[in-house]
Amino acid sequence: MRADNSKRLAEAAQQRRLGCIERVQAALEGLERDGGPVTVAGVAARAGVSRTFLYDDAQAPLLARLRHLASKQPATGRPALPD
């Protein structure tokens, strides 16, 4: 009979998620401090996460912070971030 590794798998997934959140927060802090274009694609690339991760409902506070930073930037003539 195989061992039940579901608890370890769930813990590993949670650790990966927390690592992704930390990297996104660090990317946002860097953009806030140093400036630069704030876009979903740019933050995702800088943090090493997928754009889908940022749009996940569980990451709503991160996306709200990203949108807040983006709204403080001068207009570039490009379309706004999608809702």
# chains A, B, ... in the order shown; residues from 1 in each chain; ligands from 1

$ residues_around --residues "region 48-63 of chain A" --least-positions-apart "2" --cutoff "10 Å" --atoms "only C-alpha atoms" --output "PyMOL selection string"
chain A and resi 17+19-21+23-25+27-28+40-46+65-69+83

$ closest_residue --among "A:Leu9, A:Ala64, A:Ala47, A:Ala3" --to "Glu22 (chain A)" --atoms "only C-alpha atoms"
A:Ala47
